[in-house]
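Student: What follows is a structure written as structure tokens; I'll ask about it next.
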Amino acid sequence: MSDLIQWSSALLYTAFILYLIATIFFSATIRDKRGKNKKGKAGSIGITLTIIGLIAQIGYFITRWIVSGHAPVSNLFEFMTFFGMTIVFAFIVIYFIYKISVLGLFALPVALIIIAYASMFPTEVSPLIPSLQSHWLYIHVTTVSLGQGILTISFVAGLIYLIKKIDQTAKSKQTTWLEIVLYSLILFVGFIIITVVFNFMNYSAQFDYPATGGNTVTTEYQLPAIAGPTDGTLLTNDVMEPLFDTPAWMHGADAGRKLNTLIWSILTGSIVYLLLRLVLRKRLGAAIQPLLKNANLDLLDEVAYRAVAIGFPVFTLGGLIFAAIWAEEAWGRFWGWDPKEVWALITWFFYAAFLHLRLSRGWHGEKSAWLAAVGFAIIMFNLIVVNLVLAGLHSYA
């Protein structure tokens with residue numbers, strides 16, 4: 001099964017990269033003499049590769065389901081991988097509705113980053129723990145992921161809108177915040193780079209550390225330990241000693257390894273960002289802006305809104321209604337103040353406010369695009385900080 005998974009992932013990554021190259025170096029959309037959009041060959045090749053990549057990812061999903069005996073959405077590796085797949089699926093659907101090839105310039109790299117981020121977590125197939133042995137696992141988790149994947153397309157359309165719309169000739173609050181958004185995405189690129197480098201070097205360092213009940217647990221680091229496990233002991237010789245221990249309040253058996261990966265990602269991503277700034281000698285937004293000269297702002301604004309209009313009810317079903325039904329079945333109550341539940345409610349309120357401001361207050365264009373960017377930040381905060389830092393009933397995921 002591992003060979004099929006690796007082949008499927010490699011094909012999907014290749015589809016992303018080739019579509020990105022085709023979008024940058026070729027005109028994916030041209031206009032005929034009557035001013036109508038005419039899809040170029042690069043756009044056709046790009047969407048074809050993307051569909052093949054999605055099929056390959058679906059093949060991986062089915063294969064893992066067969067081997068594990070349950071839908072592969074039970075841990076963070078499986079969920080994040082599925083989340084990346086839903087982003088690609090949502091992009092393909094939106095592409096065939098609106099024929100906006102430039103969405104692929106950002107949607108596919110975002111999906112690639114999400115799938116690469118999934119590799120931070122254990123990839124082994126393991127049986128379901130008792131609390132997850134329910135058909136609501138498939139219904140709740142897949143619906144939440146699909147809703148978030150569609151909402152991510154809103155962010156992508158909003159980001160493209162902002163890069164093209166904002167005046168890059170002078171520094172302003174808008175250019176600063178836009179650069180922060182792009183810098184955040186580069187941090188994920190830093191994660192990909194650093195993990196690939198040390199995986200190629202076959203780096204490994206093992207630590208023992210005390211766990212609950214007086215037991216000793218062994219954990220393995222694939223990156224040099226800047227942050228070691230709390231009260232841990234390094235077992236591997238000739239590797240880097242930790243500079244400090246992970247704070248004890250961070251939950252989870254692998255909290256130290258996750259914090260260490262986060263630190264390395266920030267360091268590497270910051271270096272990549274600074275190098276890009278030195279090479280380009282301008283802000284990233286200003287460098288990307290010329291690539292978007294043919295983008296239609298009104299159409300991008302429409303896509304950003306429609307993605308929320310579709311994704312919000314799907315997220316409502318999965319993140320609140322189905323989640324409440326499963327919570328009643330598993331824990332005997334429909335609602336608790338678990339961090340994951342609270343943040344799902346915050347996400348719901350934010351996108352409800354998005355639609356209210358859009359429909360009742362006329363927040364179109366740039367205001368709507370900024371809201372889409374904030375919404376994606378809320379989703380990523382839930383996936384990263386809530387999962388890695390805040391302890392709760394969902395910590396097993």
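Letters A, B, ... go to the chains of the structure tokens in the order shown; residues in each chain start at 1; ligands are counted from 1 in the same order.
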Determine which residues of segment 108-319 of chain A DSSP labels as alpha helix (DSSP H) from the backbone of this structure, then write them out as a PyMOL selection string.
Tutor: chain A and resi 108-118+136-165+173-200+255-280+284-288+297-316
Student: Which neighbours of segment 233-247 of chain A fall inside 6 Å, counting only C-alpha atoms, when residues of the same chain fewer than 3 positions from it are skipped, and could you give them as a short mmCIF file (atom, residue, chain, number, x, y, z; two decimals) with C-alpha atoms, in the first residue's frame?
Tutor:
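File result33.cif, as written:
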data_model
loop_
_atom_site.label_atom_id
_atom_site.label_comp_id
_atom_site.auth_asym_id
_atom_site.auth_seq_id
_atom_site.Cartn_x
_atom_site.Cartn_y
_atom_site.Cartn_z
CA ALA A 205 17.18 11.63 17.19
CA GLN A 206 15.44 9.69 19.94
CA PHE A 207 14.41 10.97 23.37
CA ASP A 208 13.00 9.37 26.50
CA PRO A 224 17.52 18.71 15.11
CA ALA A 225 16.02 19.43 18.50
CA ILE A 226 15.80 23.13 19.25
CA ALA A 227 12.92 22.34 21.63
CA GLY A 228 13.28 18.96 23.31
CA PRO A 229 10.53 17.01 25.10
CA THR A 230 9.72 18.15 28.66
CA MET A 250 1.68 22.04 25.95
CA GLY A 256 7.95 18.76 21.86
#
Student: Name all residues at most 12 Å from Asn296 of chain A (count only C-alpha atoms; drop same-chain ones fewer than 6 positions away) and give them as a PyMOL selection string.
Tutor: chain A and resi 29+37+98-103+157-158+160-162+164-165+302-303+365
Student: Write the residues of the selection above to a file with all heavy atoms, as a tab-separated table (two decimals), in the first residue's frame.
Tutor:
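The file below, out-v8.tsv, is the result:
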chain	number	residue	atom	x	y	z
A	29	THR	N	-5.31	32.15	-19.86
A	29	THR	CA	-6.55	32.69	-20.40
A	29	THR	C	-6.23	33.86	-21.30
A	29	THR	O	-5.49	34.76	-20.93
A	29	THR	CB	-7.47	33.17	-19.26
A	29	THR	OG1	-7.73	32.08	-18.40
A	29	THR	CG2	-8.77	33.71	-19.81
A	37	ASN	N	-13.50	35.45	-23.06
A	37	ASN	CA	-12.41	34.61	-22.58
A	37	ASN	C	-12.28	33.36	-23.45
A	37	ASN	O	-13.26	32.74	-23.82
A	37	ASN	CB	-12.65	34.19	-21.13
A	37	ASN	CG	-12.46	35.34	-20.19
A	37	ASN	OD1	-11.78	36.30	-20.52
A	37	ASN	ND2	-13.06	35.25	-19.00
A	98	TYR	N	-16.68	28.99	-13.41
A	98	TYR	CA	-16.29	30.36	-13.73
A	98	TYR	C	-15.14	30.47	-14.74
A	98	TYR	O	-14.87	31.55	-15.25
A	98	TYR	CB	-15.86	31.10	-12.45
A	98	TYR	CG	-17.01	31.39	-11.52
A	98	TYR	CD1	-17.29	30.55	-10.44
A	98	TYR	CD2	-17.82	32.49	-11.72
A	98	TYR	CE1	-18.33	30.81	-9.58
A	98	TYR	CE2	-18.88	32.77	-10.86
A	98	TYR	CZ	-19.13	31.92	-9.79
A	98	TYR	OH	-20.18	32.18	-8.95
A	99	LYS	N	-14.45	29.34	-15.02
A	99	LYS	CA	-13.34	29.33	-15.98
A	99	LYS	C	-12.25	30.37	-15.61
A	99	LYS	O	-11.73	31.07	-16.46
A	99	LYS	CB	-13.86	29.62	-17.40
A	99	LYS	CG	-14.82	28.57	-17.92
A	99	LYS	CD	-14.14	27.22	-18.08
A	99	LYS	CE	-15.02	26.21	-18.81
A	99	LYS	NZ	-16.22	25.83	-18.09
A	100	ILE	N	-11.91	30.43	-14.33
A	100	ILE	CA	-10.85	31.33	-13.87
A	100	ILE	C	-9.60	30.50	-13.59
A	100	ILE	O	-9.42	29.94	-12.51
A	100	ILE	CB	-11.27	32.10	-12.60
A	100	ILE	CG1	-12.60	32.80	-12.81
A	100	ILE	CG2	-10.21	33.13	-12.23
A	100	ILE	CD1	-13.09	33.54	-11.59
A	101	SER	N	-8.73	30.42	-14.57
A	101	SER	CA	-7.53	29.59	-14.43
A	101	SER	C	-6.57	30.13	-13.38
A	101	SER	O	-5.85	29.37	-12.74
A	101	SER	CB	-6.81	29.50	-15.78
A	101	SER	OG	-7.63	28.87	-16.74
A	102	VAL	N	-6.57	31.47	-13.18
A	102	VAL	CA	-5.60	32.06	-12.27
A	102	VAL	C	-5.83	31.60	-10.83
A	102	VAL	O	-4.92	31.67	-10.01
A	102	VAL	CB	-5.65	33.60	-12.37
A	102	VAL	CG1	-6.91	34.15	-11.70
A	102	VAL	CG2	-4.40	34.24	-11.76
A	103	LEU	N	-7.01	31.09	-10.51
A	103	LEU	CA	-7.24	30.55	-9.17
A	103	LEU	C	-6.26	29.42	-8.85
A	103	LEU	O	-5.86	29.24	-7.71
A	103	LEU	CB	-8.68	30.03	-9.04
A	103	LEU	CG	-9.80	31.05	-8.83
A	103	LEU	CD1	-11.15	30.34	-8.81
A	103	LEU	CD2	-9.60	31.84	-7.57
A	157	ALA	N	-9.53	33.41	-3.79
A	157	ALA	CA	-10.06	34.46	-4.65
A	157	ALA	C	-9.86	35.84	-4.02
A	157	ALA	O	-9.51	36.81	-4.71
A	157	ALA	CB	-11.55	34.21	-4.92
A	158	GLY	N	-10.06	35.93	-2.71
A	158	GLY	CA	-9.86	37.19	-2.02
A	158	GLY	C	-8.42	37.63	-2.05
A	158	GLY	O	-8.11	38.83	-2.22
A	160	ILE	N	-6.11	36.89	-4.35
A	160	ILE	CA	-5.80	37.37	-5.70
A	160	ILE	C	-6.38	38.76	-5.91
A	160	ILE	O	-5.72	39.65	-6.49
A	160	ILE	CB	-6.36	36.39	-6.76
A	160	ILE	CG1	-5.71	35.01	-6.61
A	160	ILE	CG2	-6.13	36.92	-8.17
A	160	ILE	CD1	-6.32	33.94	-7.47
A	161	TYR	N	-7.60	38.97	-5.42
A	161	TYR	CA	-8.23	40.29	-5.53
A	161	TYR	C	-7.37	41.35	-4.86
A	161	TYR	O	-7.12	42.43	-5.44
A	161	TYR	CB	-9.61	40.24	-4.88
A	161	TYR	CG	-10.41	41.52	-5.04
A	161	TYR	CD1	-11.43	41.61	-6.00
A	161	TYR	CD2	-10.18	42.63	-4.22
A	161	TYR	CE1	-12.17	42.77	-6.15
A	161	TYR	CE2	-10.90	43.80	-4.37
A	161	TYR	CZ	-11.89	43.86	-5.34
A	161	TYR	OH	-12.60	45.03	-5.49
A	162	LEU	N	-6.89	41.07	-3.65
A	162	LEU	CA	-6.11	42.06	-2.90
A	162	LEU	C	-4.78	42.35	-3.58
A	162	LEU	O	-4.35	43.51	-3.65
A	162	LEU	CB	-5.88	41.55	-1.48
A	162	LEU	CG	-7.11	41.47	-0.58
A	162	LEU	CD1	-6.77	40.79	0.74
A	162	LEU	CD2	-7.69	42.85	-0.34
A	164	LYS	N	-4.02	42.20	-6.71
A	164	LYS	CA	-4.20	43.02	-7.91
A	164	LYS	C	-4.72	44.42	-7.57
A	164	LYS	O	-4.30	45.41	-8.16
A	164	LYS	CB	-5.17	42.35	-8.88
A	164	LYS	CG	-5.37	43.21	-10.14
A	164	LYS	CD	-6.22	42.56	-11.19
A	164	LYS	CE	-6.33	43.50	-12.40
A	164	LYS	NZ	-7.15	42.94	-13.47
A	165	LYS	N	-5.62	44.50	-6.59
A	165	LYS	CA	-6.32	45.76	-6.30
A	165	LYS	C	-5.45	46.77	-5.56
A	165	LYS	O	-5.46	47.97	-5.85
A	165	LYS	CB	-7.56	45.45	-5.49
A	165	LYS	CG	-8.34	46.67	-5.00
A	165	LYS	CD	-9.07	47.36	-6.13
A	165	LYS	CE	-9.96	48.46	-5.57
A	165	LYS	NZ	-10.70	49.16	-6.64
A	302	GLU	N	-17.00	37.87	-6.92
A	302	GLU	CA	-18.14	36.96	-6.99
A	302	GLU	C	-17.77	35.56	-6.50
A	302	GLU	O	-18.54	34.93	-5.74
A	302	GLU	CB	-18.66	36.89	-8.44
A	302	GLU	CG	-19.76	35.88	-8.69
A	302	GLU	CD	-21.09	36.26	-8.08
A	302	GLU	OE1	-21.24	37.41	-7.62
A	302	GLU	OE2	-22.00	35.41	-8.07
A	303	VAL	N	-16.60	35.08	-6.92
A	303	VAL	CA	-16.15	33.74	-6.48
A	303	VAL	C	-15.94	33.72	-4.97
A	303	VAL	O	-16.33	32.75	-4.29
A	303	VAL	CB	-14.86	33.35	-7.22
A	303	VAL	CG1	-14.25	32.09	-6.60
A	303	VAL	CG2	-15.13	33.13	-8.69
A	365	GLY	N	-16.05	43.78	-2.72
A	365	GLY	CA	-14.72	44.16	-3.15
A	365	GLY	C	-13.65	43.94	-2.10
A	365	GLY	O	-13.52	42.86	-1.52
Student: Tell me which protein, DNA and RNA residues are within 12 Å of Pro313 of chain A, counting only C-alpha atoms, leaving out same-chain ones fewer than 4 positions away, and put them as an MDAnalysis selection string.
Tutor: chainID A and resid 143:144 146:148 150:151 306:309 317:321 348 351:352 355
Student: Write the residues you've just listed into a file as a PDB file, in the first residue's frame, and include N, CA and C atoms for each of them.
Tutor:
ATOM      1  N   THR A 143     -17.618  16.159   6.256  1.00  0.00           N
ATOM      2  CA  THR A 143     -18.422  17.345   5.953  1.00  0.00           C
ATOM      3  C   THR A 143     -17.711  18.616   6.406  1.00  0.00           C
ATOM      4  N   VAL A 144     -17.101  18.580   7.581  1.00  0.00           N
ATOM      5  CA  VAL A 144     -16.323  19.734   8.061  1.00  0.00           C
ATOM      6  C   VAL A 144     -15.190  20.047   7.089  1.00  0.00           C
ATOM      7  N   LEU A 146     -14.890  19.250   3.899  1.00  0.00           N
ATOM      8  CA  LEU A 146     -15.401  19.754   2.625  1.00  0.00           C
ATOM      9  C   LEU A 146     -15.807  21.219   2.754  1.00  0.00           C
ATOM     10  N   GLY A 147     -16.484  21.559   3.846  1.00  0.00           N
ATOM     11  CA  GLY A 147     -16.869  22.952   4.055  1.00  0.00           C
ATOM     12  C   GLY A 147     -15.656  23.864   4.135  1.00  0.00           C
ATOM     13  N   GLN A 148     -14.636  23.451   4.865  1.00  0.00           N
ATOM     14  CA  GLN A 148     -13.434  24.262   4.980  1.00  0.00           C
ATOM     15  C   GLN A 148     -12.674  24.344   3.656  1.00  0.00           C
ATOM     16  N   ILE A 150     -14.043  24.392   0.668  1.00  0.00           N
ATOM     17  CA  ILE A 150     -14.750  25.376  -0.158  1.00  0.00           C
ATOM     18  C   ILE A 150     -14.477  26.787   0.347  1.00  0.00           C
ATOM     19  N   LEU A 151     -14.461  26.963   1.666  1.00  0.00           N
ATOM     20  CA  LEU A 151     -14.166  28.276   2.242  1.00  0.00           C
ATOM     21  C   LEU A 151     -12.748  28.730   1.906  1.00  0.00           C
ATOM     22  N   ARG A 306     -19.433  33.542  -3.459  1.00  0.00           N
ATOM     23  CA  ARG A 306     -20.131  32.288  -3.735  1.00  0.00           C
ATOM     24  C   ARG A 306     -19.510  31.123  -2.960  1.00  0.00           C
ATOM     25  N   ALA A 307     -18.189  31.126  -2.804  1.00  0.00           N
ATOM     26  CA  ALA A 307     -17.533  30.050  -2.056  1.00  0.00           C
ATOM     27  C   ALA A 307     -17.998  30.046  -0.597  1.00  0.00           C
ATOM     28  N   VAL A 308     -18.176  31.233  -0.025  1.00  0.00           N
ATOM     29  CA  VAL A 308     -18.684  31.303   1.344  1.00  0.00           C
ATOM     30  C   VAL A 308     -20.154  30.902   1.387  1.00  0.00           C
ATOM     31  N   ALA A 309     -20.927  31.345   0.398  1.00  0.00           N
ATOM     32  CA  ALA A 309     -22.354  31.018   0.355  1.00  0.00           C
ATOM     33  C   ALA A 309     -22.577  29.510   0.272  1.00  0.00           C
ATOM     34  N   LEU A 317     -23.446  22.219   8.751  1.00  0.00           N
ATOM     35  CA  LEU A 317     -23.885  20.833   8.903  1.00  0.00           C
ATOM     36  C   LEU A 317     -22.837  19.986   9.626  1.00  0.00           C
ATOM     37  N   GLY A 318     -21.598  20.047   9.124  1.00  0.00           N
ATOM     38  CA  GLY A 318     -20.561  19.184   9.680  1.00  0.00           C
ATOM     39  C   GLY A 318     -20.020  19.649  11.010  1.00  0.00           C
ATOM     40  N   GLY A 319     -19.752  20.975  11.129  1.00  0.00           N
ATOM     41  CA  GLY A 319     -19.073  21.484  12.308  1.00  0.00           C
ATOM     42  C   GLY A 319     -19.967  21.733  13.505  1.00  0.00           C
ATOM     43  N   LEU A 320     -21.271  21.905  13.287  1.00  0.00           N
ATOM     44  CA  LEU A 320     -22.174  22.186  14.402  1.00  0.00           C
ATOM     45  C   LEU A 320     -23.260  21.114  14.560  1.00  0.00           C
ATOM     46  N   ILE A 321     -24.041  20.874  13.500  1.00  0.00           N
ATOM     47  CA  ILE A 321     -25.182  19.959  13.628  1.00  0.00           C
ATOM     48  C   ILE A 321     -24.726  18.510  13.794  1.00  0.00           C
ATOM     49  N   TRP A 348     -17.993  29.654  12.805  1.00  0.00           N
ATOM     50  CA  TRP A 348     -19.367  29.785  12.300  1.00  0.00           C
ATOM     51  C   TRP A 348     -19.861  31.218  12.415  1.00  0.00           C
ATOM     52  N   TYR A 351     -18.159  33.571   9.712  1.00  0.00           N
ATOM     53  CA  TYR A 351     -18.685  33.491   8.348  1.00  0.00           C
ATOM     54  C   TYR A 351     -20.148  33.908   8.277  1.00  0.00           C
ATOM     55  N   ALA A 352     -20.896  33.758   9.377  1.00  0.00           N
ATOM     56  CA  ALA A 352     -22.256  34.312   9.419  1.00  0.00           C
ATOM     57  C   ALA A 352     -22.181  35.837   9.330  1.00  0.00           C
ATOM     58  N   LEU A 355     -21.395  36.919   5.700  1.00  0.00           N
ATOM     59  CA  LEU A 355     -22.566  36.963   4.824  1.00  0.00           C
ATOM     60  C   LEU A 355     -23.486  38.127   5.184  1.00  0.00           C
TER      61      LEU A 355
END
Student: Counting only C-alpha atoms, what is within 10 Å of Ile271 of chain A, bar same-chain residues fewer than 6 positions away, as a PyMOL selection string?
Tutor: chain A and resi 186-187+190+265+277
Student: Choose the residue, out of A:Arg333, A:Ala372, A:Leu267, A:Pro72, that has the smallest atom-to-atom separation from Phe350 of chain A; count only C-alpha atoms.
Tutor: A:Ala372
Student: I'd like to know which residues of segment 44-232 of chain A are strand (DSSP E or B) (by DSSP, run on the backbone); could you write them as a PyMOL selection string?
Tutor: chain A and resi 205-210+216-221+227-228
Student: Just write the chosen residues, N, CA and C atoms, as an mmCIF file, in the first residue's frame.
Tutor:
data_model
loop_
_atom_site.group_PDB
_atom_site.id
_atom_site.type_symbol
_atom_site.label_atom_id
_atom_site.label_comp_id
_atom_site.auth_asym_id
_atom_site.auth_seq_id
_atom_site.Cartn_x
_atom_site.Cartn_y
_atom_site.Cartn_z
ATOM 1 N N ALA A 205 16.709 11.509 15.810
ATOM 2 C CA ALA A 205 17.183 11.631 17.193
ATOM 3 C C ALA A 205 16.081 11.141 18.117
ATOM 4 N N GLN A 206 16.432 10.258 19.042
ATOM 5 C CA GLN A 206 15.437 9.687 19.943
ATOM 6 C C GLN A 206 15.600 10.251 21.356
ATOM 7 N N PHE A 207 14.443 10.456 22.010
ATOM 8 C CA PHE A 207 14.408 10.974 23.366
ATOM 9 C C PHE A 207 13.516 10.087 24.231
ATOM 10 N N ASP A 208 13.891 9.919 25.495
ATOM 11 C CA ASP A 208 12.999 9.368 26.503
ATOM 12 C C ASP A 208 12.469 10.507 27.347
ATOM 13 N N TYR A 209 11.194 10.442 27.723
ATOM 14 C CA TYR A 209 10.646 11.464 28.609
ATOM 15 C C TYR A 209 9.530 10.853 29.448
ATOM 16 N N PRO A 210 9.306 11.381 30.650
ATOM 17 C CA PRO A 210 8.280 10.811 31.538
ATOM 18 C C PRO A 210 6.882 11.148 31.045
ATOM 19 N N THR A 216 7.705 5.757 31.011
ATOM 20 C CA THR A 216 8.682 6.456 30.178
ATOM 21 C C THR A 216 8.351 6.194 28.714
ATOM 22 N N VAL A 217 8.295 7.261 27.935
ATOM 23 C CA VAL A 217 7.931 7.174 26.518
ATOM 24 C C VAL A 217 9.115 7.591 25.667
ATOM 25 N N THR A 218 9.281 6.916 24.541
ATOM 26 C CA THR A 218 10.342 7.260 23.591
ATOM 27 C C THR A 218 9.726 7.941 22.378
ATOM 28 N N THR A 219 10.307 9.064 21.979
ATOM 29 C CA THR A 219 9.845 9.777 20.797
ATOM 30 C C THR A 219 11.018 10.029 19.859
ATOM 31 N N GLU A 220 10.728 10.146 18.576
ATOM 32 C CA GLU A 220 11.774 10.330 17.567
ATOM 33 C C GLU A 220 11.600 11.676 16.881
ATOM 34 N N TYR A 221 12.695 12.434 16.788
ATOM 35 C CA TYR A 221 12.706 13.713 16.087
ATOM 36 C C TYR A 221 13.344 13.519 14.717
ATOM 37 N N ALA A 227 13.775 22.554 20.458
ATOM 38 C CA ALA A 227 12.923 22.339 21.627
ATOM 39 C C ALA A 227 12.804 20.838 21.869
ATOM 40 N N GLY A 228 13.361 20.365 22.973
ATOM 41 C CA GLY A 228 13.276 18.956 23.306
ATOM 42 C C GLY A 228 12.028 18.655 24.116
#
Student: Which residues come within 12 Å of Pro290 of chain A, counting only C-alpha atoms, excluding same-chain residues fewer than 2 positions away, as JSON, numbers by chain?
Tutor: {"A": [24, 160, 163, 164, 165, 167, 168, 284, 285, 286, 287, 288, 292, 293, 294, 295]}
Student: Take the residues just selected and output them with N, CA, C and O atoms as an mmCIF file, in the first residue's frame.
Tutor:
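Heads up, here's the output in part.cif:
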data_model
loop_
_atom_site.group_PDB
_atom_site.id
_atom_site.type_symbol
_atom_site.label_atom_id
_atom_site.label_comp_id
_atom_site.auth_asym_id
_atom_site.auth_seq_id
_atom_site.Cartn_x
_atom_site.Cartn_y
_atom_site.Cartn_z
ATOM 1 N N ILE A 24 2.303 30.415 -14.482
ATOM 2 C CA ILE A 24 3.238 31.538 -14.386
ATOM 3 C C ILE A 24 3.835 31.892 -15.736
ATOM 4 O O ILE A 24 3.872 33.060 -16.143
ATOM 5 N N ILE A 160 -6.105 36.895 -4.349
ATOM 6 C CA ILE A 160 -5.799 37.367 -5.701
ATOM 7 C C ILE A 160 -6.378 38.761 -5.908
ATOM 8 O O ILE A 160 -5.723 39.645 -6.485
ATOM 9 N N ILE A 163 -4.112 41.311 -4.078
ATOM 10 C CA ILE A 163 -2.811 41.521 -4.721
ATOM 11 C C ILE A 163 -2.954 42.407 -5.946
ATOM 12 O O ILE A 163 -2.124 43.289 -6.204
ATOM 13 N N LYS A 164 -4.018 42.195 -6.714
ATOM 14 C CA LYS A 164 -4.202 43.023 -7.909
ATOM 15 C C LYS A 164 -4.724 44.417 -7.566
ATOM 16 O O LYS A 164 -4.305 45.409 -8.158
ATOM 17 N N LYS A 165 -5.623 44.502 -6.594
ATOM 18 C CA LYS A 165 -6.318 45.755 -6.302
ATOM 19 C C LYS A 165 -5.447 46.768 -5.559
ATOM 20 O O LYS A 165 -5.464 47.975 -5.853
ATOM 21 N N ASP A 167 -2.654 49.159 -4.266
ATOM 22 C CA ASP A 167 -1.580 49.934 -4.894
ATOM 23 C C ASP A 167 -0.246 49.563 -4.246
ATOM 24 O O ASP A 167 -0.035 49.783 -3.046
ATOM 25 N N GLN A 168 0.629 48.972 -5.049
ATOM 26 C CA GLN A 168 1.921 48.507 -4.548
ATOM 27 C C GLN A 168 3.039 49.533 -4.736
ATOM 28 O O GLN A 168 4.181 49.271 -4.386
ATOM 29 N N LEU A 284 6.583 40.917 -1.955
ATOM 30 C CA LEU A 284 6.088 39.784 -2.739
ATOM 31 C C LEU A 284 4.811 40.154 -3.481
ATOM 32 O O LEU A 284 4.594 39.728 -4.612
ATOM 33 N N GLY A 285 3.947 40.934 -2.826
ATOM 34 C CA GLY A 285 2.719 41.360 -3.490
ATOM 35 C C GLY A 285 2.993 42.146 -4.751
ATOM 36 O O GLY A 285 2.324 41.957 -5.776
ATOM 37 N N ALA A 286 4.000 43.016 -4.689
ATOM 38 C CA ALA A 286 4.357 43.817 -5.868
ATOM 39 C C ALA A 286 4.952 42.943 -6.960
ATOM 40 O O ALA A 286 4.768 43.206 -8.154
ATOM 41 N N ALA A 287 5.681 41.889 -6.573
ATOM 42 C CA ALA A 287 6.278 41.001 -7.559
ATOM 43 C C ALA A 287 5.235 40.127 -8.246
ATOM 44 O O ALA A 287 5.340 39.821 -9.439
ATOM 45 N N ILE A 288 4.205 39.718 -7.491
ATOM 46 C CA ILE A 288 3.173 38.844 -8.051
ATOM 47 C C ILE A 288 2.158 39.631 -8.874
ATOM 48 O O ILE A 288 1.586 39.114 -9.839
ATOM 49 N N LEU A 292 -1.117 39.030 -12.542
ATOM 50 C CA LEU A 292 -2.570 39.037 -12.411
ATOM 51 C C LEU A 292 -3.231 40.133 -13.229
ATOM 52 O O LEU A 292 -4.375 40.505 -12.972
ATOM 53 N N LYS A 293 -2.507 40.654 -14.229
ATOM 54 C CA LYS A 293 -3.031 41.791 -14.981
ATOM 55 C C LYS A 293 -4.317 41.470 -15.735
ATOM 56 O O LYS A 293 -5.119 42.357 -16.020
ATOM 57 N N ASN A 294 -4.547 40.198 -16.072
ATOM 58 C CA ASN A 294 -5.766 39.828 -16.801
ATOM 59 C C ASN A 294 -6.895 39.360 -15.879
ATOM 60 O O ASN A 294 -7.966 38.984 -16.353
ATOM 61 N N ALA A 295 -6.624 39.353 -14.558
ATOM 62 C CA ALA A 295 -7.650 38.882 -13.623
ATOM 63 C C ALA A 295 -8.811 39.871 -13.569
ATOM 64 O O ALA A 295 -8.614 41.086 -13.547
#
Student: So how far away is atom CA of Ala353 of chain A from atom CA of Phe334 of chain A, in Å?
Tutor: 23.7 Å
Student: What is the atom CA of Lys258 of chain A-atom CA of Phe200 of chain A distance in Å, reported with one decimal?
Tutor: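 Between atom CA of Lys258 of chain A and atom CA of Phe200 of chain A the gap is 19.4 Å.
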Student: Which residue gives the smallest distance to Phe312 of chain A among A:Phe349, A:Phe381, A:Phe121, A:Tyr273, with only C-alpha atoms counted?
Tutor: A:Phe349
Student: With distances taken over only C-alpha atoms, which of A:Phe155, A:Trp264, A:Phe188, A:Phe83 is nearest to Ala107 of chain A?
Tutor: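 Smallest distance to Ala107 of chain A is found for A:Phe155.
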